[in-house]
Amino acid sequence: MKARELIYFDHNATTPLCTEARQAMLPFLDTAFGNPSSYHRLGRQARSDVEAGRRTIADIFGCRPTEVLFTSGGTEANNLALRGAASAMKDRGCHIITTAIEHHSVLKTCEALGRKGFNITFLPVDSKGVVDPQLVADAIRPDTILLSVMHANNETGAVQPVEEIGRIARQRGITFHSDAIQAFGKIAMGTVLDYADMVSVSAHKVYGPRGVGALLVRRGTSLSPIMTGGHHEHGLRPGTENMAAIAGFAAAAGQAVEKLAAEAARLAVLRDRFEEMLLQTIPNISINSCDAPRTPNTSSICFSGIESESVLLHLDLLGICASAGSACTTGDPEPSHVLRAMGLSSLQAQGAVRFSFGSTTTPEQIDSAAETLAGIVKKLRGVSSLCQN
Amino acid sequence: MKARELIYFDHNATTPLCTEARQAMLPFLDTAFGNPSSYHRLGRQARSDVEAGRRTIADIFGCRPTEVLFTSGGTEANNLALRGAASAMKDRGCHIITTAIEHHSVLKTCEALGRKGFNITFLPVDSKGVVDPQLVADAIRPDTILLSVMHANNETGAVQPVEEIGRIARQRGITFHSDAIQAFGKIAMGTVLDYADMVSVSAHKVYGPRGVGALLVRRGTSLSPIMTGGHHEHGLRPGTENMAAIAGFAAAAGQAVEKLAAEAARLAVLRDRFEEMLLQTIPNISINSCDAPRTPNTSSICFSGIESESVLLHLDLLGICASAGSACTTGDPEPSHVLRAMGLSSLQAQGAVRFSFGSTTTPEQIDSAAETLAGIVKKLRGVSSLCQN
Amino acid sequence: MGPVSTEKAKPEKLQHDSPQPTDEDAGVIFYNETVIEHFTNPRNVGEIEDADGFALVGDPSCGDQMKLWIKVEAGHIVDIKFKSFGCPGAIATSSMTTHLAMGMYLEDARALTDDDVVRALGGIPANKQHCSLLGINALLFAIKDYEQRSKNQP
Amino acid sequence: MGPVSTEKAKPEKLQHDSPQPTDEDAGVIFYNETVIEHFTNPRNVGEIEDADGFALVGDPSCGDQMKLWIKVEAGHIVDIKFKSFGCPGAIATSSMTTHLAMGMYLEDARALTDDDVVRALGGIPANKQHCSLLGINALLFAIKDYEQRSKNQP
Ligand SMILES: Cc1ncc(COP(=O)(O)O)c(C=O)c1O
Ligand SMILES: Cc1ncc(COP(=O)(O)O)c(C=O)c1O
């Protein structure tokens with residue numbers, strides 16, 4: 001077999017930089033290097049470049065520029081939202097509600113807040129990986145201050161009913177944060193601050209650069225900074241602004257929104273084709289969250305009787321990039337907390353592989369990967385002590 | 001007068017990216033986009049690139065790779081050091097010592113810790129802007145857990161006796177953090193973790209990219225993370241690693257160290273020439289910290305009878321970039337806390353302008369700027385109600 | 001170097017003008033061309049030895065100070081001069097105040113407000129608004145001083 | 001697609017080999033070529049219908065499980081086969097264990113340790129060390145099972 005191009009099916013972990021973002025960044029690696037806090041022309045130019053980026057992001061989400069806080073990434077946006085709001089509102093109550101399927105940057109942060117004296121409720125999800133808004137409503141207590149529910153799950157792609165949940169939160173006067181890092185660029189999101197008080201997004205998931213994200217914060221939301229220093233980002237996030245990254249983020253976000261409808265449709269077709277091929281050629285597999293509303297690019301598949309890392313290594317040796325669970329738990333032998341929360345056994349969860357498609361994905365890659373995968377599964381099942389043959 | 005090239009005398013605010021850093025970054029804006037936490041080859045490559053960057057930084061500071069934590073910049077490094085150590089050691093005591101001349105990312109963070117129940121001692125400095133180690137020793141109490149003294153001041157360039165202070169701290173069993181953001185690349189620093197437990201550095205001050213810095217943390221130092229999420233950076237700093245920035249940082253840091261001796265000597269000559277010219281042509285000026293050990297690139301000058309912003313605007317209109325106080329307090333009418341701590345009156349401090357030289361600085365720029373400045377000062381003094389003429 | 005004033009704002013026009021100041025730009029100061037022109041070429045700088053009215057306002061340790069001299073003839077301000085310590089906003093508004101007041105009837109001059117000065121300058125950054133009071137206050141006090149002196153020497 | 005095994009580790013050799021595993025790489029798994037070769041082409045996969053000894057070790061819900069069959073003649077392991085569920089480390093160490101044990105005197109086989117397996121594989125990532133116990137334990141229990149059966153059927 002001849003060496004073939006790399007097949008990158010790990011777009012939920014990170015995405016290649018799009019041309020527009022790259023182009024937008026280059027001047028800042030060059031002459032436009034000023035510090036936006038500097039008085040002189042290079043500083044003013046930098047300031048206005050930062051603010052231009054902020055306006056782009058604000059326009060995309062239908063909010064005000066003052067409602068956009070740039071952070072170093074999605075993880076920091078989530079930490080700022082949760083730690084910052086909890087700290088700002090701790091006198092009003094100590095109960096925080098989140099779900100069992102959040103990304104670690106939300107989950108571990110809620111656990112950390114739990115160790116600091118807050119009470120945390122981790123809501124369960126159904127077998128499709130979706131949170132029931134009724135459970136949210138039921139979990140609200142008089143001392144509930146904060147609710148965090150992700151928009152789309154990174155492992156399964158399951159889309160949560162955040163608008164409905166947001167309405168409940170607003171009715172009950174509870175600050176609602178939503179981690180939209182995997183939703184943005186994949187599904188239409190509308191004017192998010194209409195139902196959420198805070199929304200996290202991250203550039204490198206939408207073909208933008210590493211090292212920048214944003215927390216959208218609705219006017220009037222109580223939020224304390226988690227870091228202190230200069231007056232940057234309305235005093236909520238100090239540190240010299242990363243103009244190259246902000247410009248790249250703005251360019252990538254613009255692209256993502258512009259292409260969203262067409263790209264979502266294209267990817268849904270490819271995703272369905274991939275799943276159908278697997279269902280036809282490989283016995284005993286199941287597709288996680290297949291009956292839930294899902295982001296169009298994500299396929300999480302359980303291969304019974306074999307272990308995901310073995311699948312991944314075979315795939316990798318054949319030039320196909322995929323993930324088991326979320327990328328950031330590599331090296332962590334724990335099976336996915338998301339799949340476990342959906343009721344999968346530890347054994348089932350161990351056989352889960354995530355394929356996440358994106359701008360680089362072609363029908364040929366889909367066919368080739370599905371075929372390759374069938375061979376790999378057959379081979380590993382031939383070795384497996386859990387399979388008869 | 002013909003339009004002339006921009007004269008950038010604001011290298012303490014930020015620096016242009018060096019060619020080496022730019023080159024090192026480009027692949028990561030291109031094909032090398034993997035997530036270091038991903039299992040596949042792109043992920044492994046990314047991981048090994050991150051670790052290569054870490055080894056470079058470790059080698060430069062003579063420490064172990066495991067002692068290097070990458071952050072989003074200097075501000076975050078300082079916040080992690082102070083908030084993280086205070087939180088990790090809060091059961092051992094609640095007294096923190098720092099100085100009155102720290103950067104806002106240290107000063108405001110100590111103030112924030114003060115509001116959280118820690119007792120903060122802000123040590124004074126002498127008229128040269130230098131902390132007396134004896135005062136550090138005297139300030140230590142049985143409940144002192146943490147000491148933070150910057151290596152070189154960003155406004156005056158004054159170098160603090162951090163080695164001696166570090167020895168005192170170590171003798172007394174107190175964790176010592178030093179903000180070396182303005183020292184790194186300007187003065188020889190040696191193996192910093194020999195005397196300090198934590199040291200902050202920032203890439204964009206040494207011709208590296210925005211959005212990355214490092215906290216060097218000596219093995220055995222008590223430190224809690226200030227953000228939570230994945231297991232990145234030994235569990236002390238979560239978030240997908242910014243490889244482009246890390247590679248650029250490593251390249252820039254390597255350059256900075258390689259060129260340090262020659263460049264420091266060159267800049268000291270230029271700085272001295274600049275100051276001599278001003279002293280000869282402009283009456284009633286004083287050079288801050290001129291009798292202290294200083295970084296070779298920084299000239300902080302008080303022009304009596306006139307106000308710094310007016311000087312800066314004239315300079316800017318003539319294509320010369322400089323700062324008043326530190327860049328990050330632009331728009332803040334408070335006169336420099338550093339100069340005030342040195343005993344300057346509010347009026348004197350208002351007349352201070354900082355010129356910070358760097359790789360782009362030439363003798364011609366020095367001469368031209370000194371001449372221009374003489375004209376500006378004369379003009380403004382002609383308008384000033386505080387000056388007779 | 002030639003005198004600074006000959007260079008004026010020419011090559012920088014766009015720099016100071018194009019980015020419209022917005023809320024979130026508050027941290028950085030953008031002056032318009034008129035402000036910069038008055039800053040680089042302030043009108044009526046100097047002292048009047050035999051002034052009819054004088055005022056000293058502001059506190060230099062708080063950022064600005066202005067001295068204002070007026071010469072009055074037949075109820076008109078026939079000469080006006082100032083010296084100011086302060087930021088570009090202070091210098092430009094000082095200059096514009098004297099520029100507006102020059103030649104005015106005293107009662108008209110007294111009716112001038114900080115808004116008039118800001119308007120004449122075509123606006124001034126939000127965090128520099130307070131500067132416009134410097135010139136206006138100095139003008140009012142100088143007129144008061146003139147009236148006081150007139151009363152005392154009838 | 002041809003059978004997976006024909007592709008082996010060829011084009012990826014450098015990828016898996018060049019970055020030396022270090023402390024701070026613990027989060028990511030680098031297997032060497034030998035491990036990958038045993039993973040992609042595991043030796044002695046299968047079952048022995050009329051085995052003389054059998055063992056089932058590990059717990060699949062904790063990540064790995066191994067079944068091991070041996071055939072013994074004149075104190076020698078004359079045939080050995082395994083089936084394993086688990087990660088590449090588990091499969092490769094299973095394979096290497098059978099490879100080492102094949103043909104051995106029982107007493108020599110019993111003396112094999114997890115270190116022997118790891119050494120034969122040229123090392124294994126730190127967080128996969130435990131895998132090497134899987135094969136060794138299976139081997140010991142299978143030998144025990146053989147001895148038990150021999151005792152019962154003298
Ligand atoms: C749902 C979700 N939240 C948060 C994050 C963290 O984002 P970042 O890598 O930008 O820190 C990720 C991606 O890793 C994610 O998928
Ligand atoms: C001494 C000092 N500490 C900290 C900082 C903050 O660094 P950064 O801009 O990378 O957040 C700076 C620069 O602004 C500085 O000069």
# chains A, B, ... in the order shown; residues from 1 in each chain; ligands from 1
>>> closest_atom_pairs(of="chain B", to="ligand 2", cutoff="9 Å", atoms="only C-alpha atoms and all ligand atoms", output="JSON lines")
{"residue": "B:Asn12", "atom": "CA", "partner": "ligand 2", "partner_atom_place_in_ligand_line": "16 (O)", "distance": 6.4}
{"residue": "B:Ala13", "atom": "CA", "partner": "ligand 2", "partner_atom_place_in_ligand_line": "14 (O)", "distance": 5.9}
{"residue": "B:Thr14", "atom": "CA", "partner": "ligand 2", "partner_atom_place_in_ligand_line": "14 (O)", "distance": 7.6}
{"residue": "B:Ser72", "atom": "CA", "partner": "ligand 2", "partner_atom_place_in_ligand_line": "10 (O)", "distance": 7.6}
{"residue": "B:Gly73", "atom": "CA", "partner": "ligand 2", "partner_atom_place_in_ligand_line": "10 (O)", "distance": 4.0}
{"residue": "B:Gly74", "atom": "CA", "partner": "ligand 2", "partner_atom_place_in_ligand_line": "10 (O)", "distance": 3.4}
{"residue": "B:Thr75", "atom": "CA", "partner": "ligand 2", "partner_atom_place_in_ligand_line": "11 (O)", "distance": 3.5}
{"residue": "B:Glu76", "atom": "CA", "partner": "ligand 2", "partner_atom_place_in_ligand_line": "11 (O)", "distance": 6.3}
{"residue": "B:Ala77", "atom": "CA", "partner": "ligand 2", "partner_atom_place_in_ligand_line": "11 (O)", "distance": 7.9}
{"residue": "B:Asn78", "atom": "CA", "partner": "ligand 2", "partner_atom_place_in_ligand_line": "4 (C)", "distance": 7.0}
{"residue": "B:Glu102", "atom": "CA", "partner": "ligand 2", "partner_atom_place_in_ligand_line": "1 (C)", "distance": 6.8}
{"residue": "B:His103", "atom": "CA", "partner": "ligand 2", "partner_atom_place_in_ligand_line": "3 (N)", "distance": 4.9}
{"residue": "B:His104", "atom": "CA", "partner": "ligand 2", "partner_atom_place_in_ligand_line": "4 (C)", "distance": 7.2}
{"residue": "B:Ser105", "atom": "CA", "partner": "ligand 2", "partner_atom_place_in_ligand_line": "4 (C)", "distance": 5.8}
{"residue": "B:Val106", "atom": "CA", "partner": "ligand 2", "partner_atom_place_in_ligand_line": "3 (N)", "distance": 7.3}
{"residue": "B:Met150", "atom": "CA", "partner": "ligand 2", "partner_atom_place_in_ligand_line": "1 (C)", "distance": 6.8}
{"residue": "B:His151", "atom": "CA", "partner": "ligand 2", "partner_atom_place_in_ligand_line": "1 (C)", "distance": 8.0}
{"residue": "B:Ala152", "atom": "CA", "partner": "ligand 2", "partner_atom_place_in_ligand_line": "1 (C)", "distance": 6.9}
{"residue": "B:Asn153", "atom": "CA", "partner": "ligand 2", "partner_atom_place_in_ligand_line": "1 (C)", "distance": 5.8}
{"residue": "B:Asn154", "atom": "CA", "partner": "ligand 2", "partner_atom_place_in_ligand_line": "16 (O)", "distance": 4.6}
{"residue": "B:Glu155", "atom": "CA", "partner": "ligand 2", "partner_atom_place_in_ligand_line": "16 (O)", "distance": 7.8}
{"residue": "B:Asp179", "atom": "CA", "partner": "ligand 2", "partner_atom_place_in_ligand_line": "3 (N)", "distance": 5.9}
{"residue": "B:Ala180", "atom": "CA", "partner": "ligand 2", "partner_atom_place_in_ligand_line": "1 (C)", "distance": 6.7}
{"residue": "B:Ile181", "atom": "CA", "partner": "ligand 2", "partner_atom_place_in_ligand_line": "2 (C)", "distance": 5.1}
{"residue": "B:Gln182", "atom": "CA", "partner": "ligand 2", "partner_atom_place_in_ligand_line": "1 (C)", "distance": 5.2}
{"residue": "B:Ala183", "atom": "CA", "partner": "ligand 2", "partner_atom_place_in_ligand_line": "1 (C)", "distance": 8.1}
{"residue": "B:Ser200", "atom": "CA", "partner": "ligand 2", "partner_atom_place_in_ligand_line": "3 (N)", "distance": 7.9}
{"residue": "B:Val201", "atom": "CA", "partner": "ligand 2", "partner_atom_place_in_ligand_line": "10 (O)", "distance": 7.6}
{"residue": "B:Ser202", "atom": "CA", "partner": "ligand 2", "partner_atom_place_in_ligand_line": "10 (O)", "distance": 4.8}
{"residue": "B:Ala203", "atom": "CA", "partner": "ligand 2", "partner_atom_place_in_ligand_line": "10 (O)", "distance": 6.9}
{"residue": "B:His204", "atom": "CA", "partner": "ligand 2", "partner_atom_place_in_ligand_line": "10 (O)", "distance": 6.5}
{"residue": "B:Lys205", "atom": "CA", "partner": "ligand 2", "partner_atom_place_in_ligand_line": "10 (O)", "distance": 7.3}
{"residue": "B:Arg210", "atom": "CA", "partner": "ligand 2", "partner_atom_place_in_ligand_line": "10 (O)", "distance": 7.2}
{"residue": "B:Gly211", "atom": "CA", "partner": "ligand 2", "partner_atom_place_in_ligand_line": "10 (O)", "distance": 7.1}
{"residue": "B:Val212", "atom": "CA", "partner": "ligand 2", "partner_atom_place_in_ligand_line": "10 (O)", "distance": 7.1}
{"residue": "B:Gly213", "atom": "CA", "partner": "ligand 2", "partner_atom_place_in_ligand_line": "10 (O)", "distance": 6.3}
{"residue": "B:Ser326", "atom": "CA", "partner": "ligand 2", "partner_atom_place_in_ligand_line": "16 (O)", "distance": 7.4}
{"residue": "B:Ala327", "atom": "CA", "partner": "ligand 2", "partner_atom_place_in_ligand_line": "14 (O)", "distance": 7.1}
{"residue": "B:Cys328", "atom": "CA", "partner": "ligand 2", "partner_atom_place_in_ligand_line": "14 (O)", "distance": 6.5}
>>> calpha_fit_rmsd(fixed="chain C", moving="chain D")
0.1 Å
>>> residues_around(residues="stretch 23-32 of chain A", least_positions_apart="4", cutoff="8 Å", atoms="only C-alpha atoms", output="list of chain:residue names")
A:Thr19, A:Leu42, A:Gln45, A:Ala46, A:Met243, A:Ala244, A:Ala245, A:Ala247, A:Gly248, A:Ala251, B:Pro16, B:Leu17, B:Arg22, B:Pro209
>>> closest_residue(among="A:Ala322, A:Val130, A:Val199, A:Leu69", to="ligand 1", atoms="only C-alpha atoms and all ligand atoms")
A:Val199
>>> closest_atom_pairs(of="chain A", to="chain C", cutoff="7 Å", atoms="only C-alpha atoms", output="tab-separated table")
residue	atom	partner	partner_atom	distance
A:Ser37	CA	C:Val28	CA	6.9
A:Tyr39	CA	C:Val28	CA	6.9
A:Arg41	CA	C:Gln15	CA	6.5
A:Arg44	CA	C:Val28	CA	7.0
A:Ser48	CA	C:Pro19	CA	6.2
A:Thr66	CA	C:Glu24	CA	6.3
>>> closest_atom_pairs(of="chain B", to="ligand 1", cutoff="8 Å", atoms="only C-alpha atoms and all ligand atoms", output="CSV")
residue,atom,partner,partner_atom_place_in_ligand_line,distance
B:Gly229,CA,ligand 1,6 (C),7.8
B:Pro238,CA,ligand 1,11 (O),7.0
B:Gly239,CA,ligand 1,11 (O),3.7
B:Thr240,CA,ligand 1,9 (O),4.0
B:Glu241,CA,ligand 1,9 (O),7.6
>>> write_last_selection(atoms="N, CA, C and O atoms", output="PDB file, in the first residue's frame")
ATOM      1  N   GLY B 229      -8.781  22.016  34.964  1.00  0.00           N
ATOM      2  CA  GLY B 229      -9.198  21.465  33.678  1.00  0.00           C
ATOM      3  C   GLY B 229      -8.421  20.183  33.433  1.00  0.00           C
ATOM      4  O   GLY B 229      -8.402  19.303  34.293  1.00  0.00           O
ATOM      5  N   PRO B 238      -3.993  24.238  33.175  1.00  0.00           N
ATOM      6  CA  PRO B 238      -4.726  23.516  32.148  1.00  0.00           C
ATOM      7  C   PRO B 238      -4.937  24.355  30.899  1.00  0.00           C
ATOM      8  O   PRO B 238      -4.770  25.570  30.914  1.00  0.00           O
ATOM      9  N   GLY B 239      -5.351  23.683  29.835  1.00  0.00           N
ATOM     10  CA  GLY B 239      -5.649  24.366  28.568  1.00  0.00           C
ATOM     11  C   GLY B 239      -4.738  23.835  27.476  1.00  0.00           C
ATOM     12  O   GLY B 239      -3.556  23.582  27.726  1.00  0.00           O
ATOM     13  N   THR B 240      -5.286  23.693  26.276  1.00  0.00           N
ATOM     14  CA  THR B 240      -4.503  23.200  25.151  1.00  0.00           C
ATOM     15  C   THR B 240      -3.256  24.067  24.982  1.00  0.00           C
ATOM     16  O   THR B 240      -3.344  25.285  24.943  1.00  0.00           O
ATOM     17  N   GLU B 241      -2.120  23.431  24.894  1.00  0.00           N
ATOM     18  CA  GLU B 241      -0.859  24.163  24.813  1.00  0.00           C
ATOM     19  C   GLU B 241      -0.766  24.982  23.531  1.00  0.00           C
ATOM     20  O   GLU B 241      -1.163  24.526  22.466  1.00  0.00           O
TER      21      GLU B 241
END
>>> residues_around(residues="B:Ala86", least_positions_apart="4", cutoff="9 Å", atoms="only C-alpha atoms", output="number ranges by chain")
B: 81-82, 90, 93-94, 96, 113, 118, 145-146, 222-224
>>> write_last_selection(atoms="C-alpha atoms", output="PDB file, in the first residue's frame")
ATOM      1  CA  ALA B  81       2.939  32.207  41.655  1.00  0.00           C
ATOM      2  CA  LEU B  82       1.277  34.422  44.236  1.00  0.00           C
ATOM      3  CA  LYS B  90      -2.503  29.268  53.722  1.00  0.00           C
ATOM      4  CA  GLY B  93       0.607  31.369  57.743  1.00  0.00           C
ATOM      5  CA  CYS B  94      -1.000  34.384  56.220  1.00  0.00           C
ATOM      6  CA  ILE B  96       3.137  37.918  52.505  1.00  0.00           C
ATOM      7  CA  LEU B 113      -4.848  38.482  48.566  1.00  0.00           C
ATOM      8  CA  PHE B 118      -3.710  37.607  53.981  1.00  0.00           C
ATOM      9  CA  ILE B 145       4.845  32.282  53.949  1.00  0.00           C
ATOM     10  CA  LEU B 146       5.736  34.127  50.784  1.00  0.00           C
ATOM     11  CA  SER B 222       4.050  24.343  47.361  1.00  0.00           C
ATOM     12  CA  LEU B 223       1.845  25.601  44.573  1.00  0.00           C
ATOM     13  CA  SER B 224      -1.838  25.116  43.779  1.00  0.00           C
TER      14      SER B 224
END
>>> select_by_dssp(residues="stretch 16-102 of chain B", states="strand (DSSP E or B)", output="JSON, numbers by chain")
{"B": [68, 69, 70, 71, 95, 96, 97, 98, 99]}
>>> write_last_selection(atoms="N, CA, C and O atoms", output="PDB file, in the first residue's frame")
ATOM      1  N   VAL B  68       9.537  23.949  34.631  1.00  0.00           N
ATOM      2  CA  VAL B  68       9.074  25.026  33.745  1.00  0.00           C
ATOM      3  C   VAL B  68       7.576  24.863  33.485  1.00  0.00           C
ATOM      4  O   VAL B  68       7.153  23.845  32.938  1.00  0.00           O
ATOM      5  N   LEU B  69       6.789  25.833  33.885  1.00  0.00           N
ATOM      6  CA  LEU B  69       5.355  25.815  33.574  1.00  0.00           C
ATOM      7  C   LEU B  69       5.064  26.917  32.578  1.00  0.00           C
ATOM      8  O   LEU B  69       5.344  28.086  32.847  1.00  0.00           O
ATOM      9  N   PHE B  70       4.499  26.564  31.453  1.00  0.00           N
ATOM     10  CA  PHE B  70       4.129  27.596  30.495  1.00  0.00           C
ATOM     11  C   PHE B  70       2.785  28.215  30.891  1.00  0.00           C
ATOM     12  O   PHE B  70       1.868  27.515  31.306  1.00  0.00           O
ATOM     13  N   THR B  71       2.718  29.527  30.763  1.00  0.00           N
ATOM     14  CA  THR B  71       1.485  30.250  31.054  1.00  0.00           C
ATOM     15  C   THR B  71       1.134  31.103  29.839  1.00  0.00           C
ATOM     16  O   THR B  71       1.864  31.105  28.854  1.00  0.00           O
ATOM     17  N   HIS B  95       1.039  35.717  56.142  1.00  0.00           N
ATOM     18  CA  HIS B  95       1.779  36.946  55.901  1.00  0.00           C
ATOM     19  C   HIS B  95       2.589  36.854  54.618  1.00  0.00           C
ATOM     20  O   HIS B  95       3.315  35.885  54.404  1.00  0.00           O
ATOM     21  N   ILE B  96       2.435  37.871  53.785  1.00  0.00           N
ATOM     22  CA  ILE B  96       3.137  37.918  52.505  1.00  0.00           C
ATOM     23  C   ILE B  96       3.910  39.233  52.447  1.00  0.00           C
ATOM     24  O   ILE B  96       3.379  40.283  52.806  1.00  0.00           O
ATOM     25  N   ILE B  97       5.150  39.151  51.991  1.00  0.00           N
ATOM     26  CA  ILE B  97       5.974  40.351  51.859  1.00  0.00           C
ATOM     27  C   ILE B  97       6.236  40.627  50.392  1.00  0.00           C
ATOM     28  O   ILE B  97       6.599  39.724  49.634  1.00  0.00           O
ATOM     29  N   THR B  98       6.037  41.874  49.997  1.00  0.00           N
ATOM     30  CA  THR B  98       6.429  42.260  48.647  1.00  0.00           C
ATOM     31  C   THR B  98       6.971  43.690  48.730  1.00  0.00           C
ATOM     32  O   THR B  98       7.250  44.178  49.830  1.00  0.00           O
ATOM     33  N   THR B  99       7.137  44.337  47.593  1.00  0.00           N
ATOM     34  CA  THR B  99       7.702  45.683  47.635  1.00  0.00           C
ATOM     35  C   THR B  99       6.720  46.666  47.016  1.00  0.00           C
ATOM     36  O   THR B  99       5.773  46.274  46.329  1.00  0.00           O
TER      37      THR B  99
END
>>> closest_residue(among="D:Ile80, D:Ala90, D:Ile48, D:Val57", to="D:Met102", atoms="only C-alpha atoms")
D:Ile80
>>> closest_residue(among="B:Ala349, B:Leu135, B:Val50, B:Met227", to="chain A", atoms="only C-alpha atoms")
B:Met227
>>> select_by_dssp(residues="stretch 342-375 of chain B", states="helix (DSSP H, G or I)", output="VMD selection string")
chain B and resid 346 to 350 363 to 375
>>> closest_residue(among="D:Ala111, D:Ala51, D:Leu121, D:Cys131", to="D:Lys81", atoms="only C-alpha atoms")
D:Ala51
>>> decode(residues="stretch 146-159 of chain A", atoms="N, CA, C and O atoms", output="PDB file, in the first residue's frame")
ATOM      1  N   LEU A 146     -25.597  29.801  40.447  1.00  0.00           N
ATOM      2  CA  LEU A 146     -24.918  29.640  39.162  1.00  0.00           C
ATOM      3  C   LEU A 146     -25.270  28.298  38.551  1.00  0.00           C
ATOM      4  O   LEU A 146     -25.384  27.294  39.261  1.00  0.00           O
ATOM      5  N   LEU A 147     -25.433  28.320  37.230  1.00  0.00           N
ATOM      6  CA  LEU A 147     -25.787  27.120  36.479  1.00  0.00           C
ATOM      7  C   LEU A 147     -24.865  27.076  35.278  1.00  0.00           C
ATOM      8  O   LEU A 147     -24.688  28.096  34.599  1.00  0.00           O
ATOM      9  N   SER A 148     -24.256  25.931  35.028  1.00  0.00           N
ATOM     10  CA  SER A 148     -23.381  25.817  33.855  1.00  0.00           C
ATOM     11  C   SER A 148     -23.724  24.558  33.080  1.00  0.00           C
ATOM     12  O   SER A 148     -23.596  23.445  33.592  1.00  0.00           O
ATOM     13  N   VAL A 149     -24.185  24.746  31.864  1.00  0.00           N
ATOM     14  CA  VAL A 149     -24.524  23.613  30.996  1.00  0.00           C
ATOM     15  C   VAL A 149     -23.901  23.869  29.627  1.00  0.00           C
ATOM     16  O   VAL A 149     -24.096  24.928  29.035  1.00  0.00           O
ATOM     17  N   MET A 150     -23.163  22.888  29.143  1.00  0.00           N
ATOM     18  CA  MET A 150     -22.486  23.081  27.864  1.00  0.00           C
ATOM     19  C   MET A 150     -23.484  23.083  26.716  1.00  0.00           C
ATOM     20  O   MET A 150     -24.569  22.504  26.822  1.00  0.00           O
ATOM     21  N   HIS A 151     -23.098  23.718  25.632  1.00  0.00           N
ATOM     22  CA  HIS A 151     -24.001  23.785  24.477  1.00  0.00           C
ATOM     23  C   HIS A 151     -23.940  22.476  23.683  1.00  0.00           C
ATOM     24  O   HIS A 151     -24.964  21.891  23.360  1.00  0.00           O
ATOM     25  N   ALA A 152     -22.739  22.024  23.368  1.00  0.00           N
ATOM     26  CA  ALA A 152     -22.599  20.749  22.658  1.00  0.00           C
ATOM     27  C   ALA A 152     -21.461  19.990  23.314  1.00  0.00           C
ATOM     28  O   ALA A 152     -20.442  20.571  23.670  1.00  0.00           O
ATOM     29  N   ASN A 153     -21.660  18.694  23.466  1.00  0.00           N
ATOM     30  CA  ASN A 153     -20.635  17.901  24.126  1.00  0.00           C
ATOM     31  C   ASN A 153     -19.482  17.582  23.178  1.00  0.00           C
ATOM     32  O   ASN A 153     -19.701  17.271  21.999  1.00  0.00           O
ATOM     33  N   ASN A 154     -18.272  17.641  23.714  1.00  0.00           N
ATOM     34  CA  ASN A 154     -17.089  17.422  22.887  1.00  0.00           C
ATOM     35  C   ASN A 154     -16.893  15.964  22.480  1.00  0.00           C
ATOM     36  O   ASN A 154     -16.296  15.692  21.460  1.00  0.00           O
ATOM     37  N   GLU A 155     -17.408  15.034  23.268  1.00  0.00           N
ATOM     38  CA  GLU A 155     -17.175  13.627  22.939  1.00  0.00           C
ATOM     39  C   GLU A 155     -18.238  13.050  22.028  1.00  0.00           C
ATOM     40  O   GLU A 155     -17.936  12.326  21.089  1.00  0.00           O
ATOM     41  N   THR A 156     -19.486  13.364  22.317  1.00  0.00           N
ATOM     42  CA  THR A 156     -20.583  12.769  21.548  1.00  0.00           C
ATOM     43  C   THR A 156     -21.175  13.749  20.550  1.00  0.00           C
ATOM     44  O   THR A 156     -21.868  13.329  19.626  1.00  0.00           O
ATOM     45  N   GLY A 157     -20.968  15.030  20.751  1.00  0.00           N
ATOM     46  CA  GLY A 157     -21.598  16.041  19.905  1.00  0.00           C
ATOM     47  C   GLY A 157     -23.025  16.364  20.330  1.00  0.00           C
ATOM     48  O   GLY A 157     -23.670  17.229  19.715  1.00  0.00           O
ATOM     49  N   ALA A 158     -23.525  15.686  21.362  1.00  0.00           N
ATOM     50  CA  ALA A 158     -24.925  15.894  21.776  1.00  0.00           C
ATOM     51  C   ALA A 158     -25.170  17.362  22.133  1.00  0.00           C
ATOM     52  O   ALA A 158     -24.450  17.936  22.940  1.00  0.00           O
ATOM     53  N   VAL A 159     -26.203  17.931  21.523  1.00  0.00           N
ATOM     54  CA  VAL A 159     -26.538  19.329  21.749  1.00  0.00           C
ATOM     55  C   VAL A 159     -27.541  19.405  22.895  1.00  0.00           C
ATOM     56  O   VAL A 159     -28.533  18.668  22.921  1.00  0.00           O
TER      57      VAL A 159
END
